[in-house]
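Asks: Quick one: the structure is below, and I'll ask about it shortly.
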Amino acid sequence: MTTEVSREDNLPNEAEFGFWLYLMSDAILFGLIFATYVVMVNNTAGGPTGDDLFSLNNLTIQTVLLLTSTLTIALGHQAAVSKNAGSAIFWLVVTCVLGAGFLAFELRELNDMVAREAGPGRSGFLTSFFTLVGTHGLHVTAGLLWALTMIAQLAIKGPTPPVASRLLRLTLFWHFLDIVWIGVFSVIYLPGLMG
Amino acid sequence: MKSNSESKDTVVGFLLALVLTAVPFLAVLYKLGSREAITAVIAASAIVQILVHLRFFLGIRLRKSAPENLYPLLFAVVLLVIMVGGTLWVMANMSYRMGH
């Protein structure tokens, strides 16, 4: 850090670094839930297995929705950096729609499973499945609320440097959640669907 | 100028991610190969796609990124390898000794 840069100018960088530390600790949290899932995956207690419960169609729709939203939020951040509030708001709204669609498909799937008596209480496999998918879904829900807040801030305050900095952290968060989702479909769904 | 290269990165990353997602999904859908082969394809695509996301979306570059962003990432990777790898190792060993 050079001396001619005031502390005020450095604040966005510090905030970004702090958020980066949070993301890394969150990565460890998810990593350990993944480890728990892999240990528990065969403990079905005579209940349904992944092959009985998962649907490749549902998974494909969810994956495409989340992956596309990671593109649109990046475009939104870039629009905010180039001071184009209207375009930034447009991309954030698209991101929210895609994220909400992702959550809708996830909730429908989990609901169906509970209705088929394959809820988190059925077996060790399902407990760890609900924990992992649920934790990811809660993160997406939090990201969705955050994105709505950013839409309001962009509309009221405009693309000022503090708003752009918050939007950058939201973008990092959203990209991180998509990375976790790569793990979810590669560790849970695709191996499960192979039977 | 910076924003131009950034949007190019984003689009390139998105296209690579689409391909790296399609490969394991199609392999499972059409059962292309043995179970072991498909598992290897899933694992390889996932690892490459995570690297693509880190490089093109999160902007991590080994030579260009600030070290204070790289060190936490490397530290997290070390912790994950120890804790996740250790968990799987110990639990698989225990399962084997219990005769499952």
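In the structure tokens, each chain is lettered A, B, ... as it comes, each chain's residues begin at 1, and ligands are numbered from 1 in order of appearance.
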What's the 8 Å shell around Leu18 of chain B, counting only C-alpha atoms, without same-chain residues fewer than 4 positions away, as a list in words?
Replies: Leu67 of chain A; Phe14 and Ala22 of chain B
Asks: Store the residues of this selection in a file with C-alpha atoms, as a PDB file, in the first residue's frame.
Replies:
```pdb
ATOM      1  CA  LEU A  67     -24.800 -21.000 -14.335  1.00  0.00           C
TER       2      LEU A  67
ATOM      3  CA  PHE B  14     -19.330 -18.955 -19.228  1.00  0.00           C
ATOM      4  CA  ALA B  22     -22.473 -30.662 -20.646  1.00  0.00           C
TER       5      ALA B  22
END
```
Asks: Kindly provide, as JSON, numbers by chain, the residues of chain A having any atom no farther than 8 Å from an atom of chain B, counting only C-alpha atoms.
Replies: {"A": [17, 20, 21, 24, 25, 27, 28, 31, 32, 35, 38, 39, 56, 60, 67, 68, 71, 74, 75, 78, 82, 172, 175, 179, 182, 183, 186, 190, 191, 193, 194]}
Asks: Apply DSSP to the structure's backbone, then extract all residues of chain A labelled helix (DSSP H, G or I) and return them as a VMD selection string.
Replies: chain A and resid 7 to 40 50 to 53 56 to 81 85 to 115 124 to 157 161 to 193
Asks: So how far away is atom CA of Asp26 of chain A from atom CA of Ser55 of chain A, in Å?
Replies: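 Atom CA of Asp26 of chain A lies at a distance of 27.7 Å from atom CA of Ser55 of chain A.
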Asks: Looking at A:Thr135, A:Gln153, A:Thr160, A:Ser165, which one is nearest to Ile33 of chain A, with distances taken over only C-alpha atoms?
Replies: A:Thr135
Asks: Please, what distance in Å, to one decimal, runs between atom CA of Leu107 of chain A and atom CA of Leu144 of chain A?
Replies: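 According to the coordinates, atom CA of Leu107 of chain A and atom CA of Leu144 of chain A are separated by 14.9 Å.
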Asks: Take atom CA of Pro120 of chain A and atom CA of Arg108 of chain A and report the distance between them in Å, one decimal.
Replies: 15.0 Å
Asks: Please identify all polymer residues within 12 Å of Leu132 of chain A, counting only C-alpha atoms, omitting same-chain residues fewer than 2 positions from it, and present them as a VMD selection string.
Replies: chain A and resid 29 to 38 40 to 41 120 125 to 130 134 to 139 180 to 181 183 to 185 187 to 189
Asks: Might you pull out every residue within 12 Å of Gly158 of chain A, with only C-alpha atoms counted and same-chain residues fewer than 2 positions away left off, and present them as a tab-separated table (two decimals) with N, CA and C atoms, in the first residue's frame?
Replies:
```
chain	number	residue	atom	x	y	z
A	79	ALA	N	-21.61	-3.42	-15.59
A	79	ALA	CA	-22.41	-2.25	-15.96
A	79	ALA	C	-22.33	-1.19	-14.86
A	80	ALA	N	-22.35	-1.63	-13.58
A	80	ALA	CA	-22.27	-0.68	-12.47
A	80	ALA	C	-20.91	0.01	-12.45
A	81	VAL	N	-19.85	-0.75	-12.77
A	81	VAL	CA	-18.50	-0.15	-12.80
A	81	VAL	C	-18.42	0.90	-13.90
A	82	SER	N	-19.06	0.66	-15.04
A	82	SER	CA	-19.05	1.68	-16.10
A	82	SER	C	-20.19	2.68	-15.91
A	83	LYS	N	-20.71	2.81	-14.68
A	83	LYS	CA	-21.66	3.85	-14.27
A	83	LYS	C	-23.00	3.78	-14.99
A	84	ASN	N	-23.36	2.59	-15.47
A	84	ASN	CA	-24.62	2.45	-16.17
A	84	ASN	C	-25.64	1.77	-15.25
A	85	ALA	N	-26.31	2.61	-14.42
A	85	ALA	CA	-27.19	2.06	-13.39
A	85	ALA	C	-28.35	1.27	-13.99
A	86	GLY	N	-28.94	1.78	-15.09
A	86	GLY	CA	-30.09	1.12	-15.69
A	86	GLY	C	-29.75	-0.29	-16.12
A	87	SER	N	-28.63	-0.42	-16.82
A	87	SER	CA	-28.21	-1.74	-17.30
A	87	SER	C	-27.85	-2.65	-16.12
A	88	ALA	N	-27.21	-2.09	-15.09
A	88	ALA	CA	-26.86	-2.90	-13.91
A	88	ALA	C	-28.12	-3.44	-13.25
A	89	ILE	N	-29.14	-2.57	-13.10
A	89	ILE	CA	-30.39	-3.01	-12.47
A	89	ILE	C	-31.05	-4.10	-13.31
A	150	MET	N	-29.31	-4.62	-3.42
A	150	MET	CA	-28.44	-3.89	-4.33
A	150	MET	C	-29.24	-3.20	-5.44
A	151	ILE	N	-30.33	-3.85	-5.88
A	151	ILE	CA	-31.18	-3.20	-6.89
A	151	ILE	C	-31.73	-1.89	-6.32
A	152	ALA	N	-32.20	-1.95	-5.05
A	152	ALA	CA	-32.74	-0.75	-4.42
A	152	ALA	C	-31.64	0.32	-4.28
A	153	GLN	N	-30.45	-0.09	-3.87
A	153	GLN	CA	-29.36	0.88	-3.70
A	153	GLN	C	-28.97	1.52	-5.02
A	154	LEU	N	-28.93	0.69	-6.08
A	154	LEU	CA	-28.58	1.23	-7.40
A	154	LEU	C	-29.64	2.23	-7.86
A	155	ALA	N	-30.92	1.92	-7.56
A	155	ALA	CA	-31.99	2.80	-7.99
A	155	ALA	C	-31.97	4.10	-7.20
A	156	ILE	N	-31.67	4.03	-5.88
A	156	ILE	CA	-31.75	5.22	-5.04
A	156	ILE	C	-30.44	6.01	-5.06
A	160	THR	N	-22.54	4.53	-7.25
A	160	THR	CA	-21.41	5.18	-6.57
A	160	THR	C	-20.36	4.13	-6.21
A	161	PRO	N	-19.11	4.54	-5.91
A	161	PRO	CA	-18.08	3.56	-5.56
A	161	PRO	C	-18.47	2.61	-4.42
A	162	PRO	N	-19.09	3.09	-3.30
A	162	PRO	CA	-19.46	2.12	-2.25
A	162	PRO	C	-20.48	1.10	-2.76
A	163	VAL	N	-21.43	1.54	-3.57
A	163	VAL	CA	-22.43	0.60	-4.09
A	163	VAL	C	-21.76	-0.41	-5.02
A	164	ALA	N	-20.85	0.07	-5.88
A	164	ALA	CA	-20.15	-0.83	-6.79
A	164	ALA	C	-19.31	-1.84	-6.00
A	167	LEU	N	-21.56	-4.45	-4.64
A	167	LEU	CA	-22.00	-5.29	-5.74
A	167	LEU	C	-20.88	-6.26	-6.13
```
Asks: My list of candidates is A:Thr141, A:Thr72, A:Asn43, A:Asn111. Which is closest to Phe90 of chain A when distances are computed with only C-alpha atoms?
Replies: A:Thr72
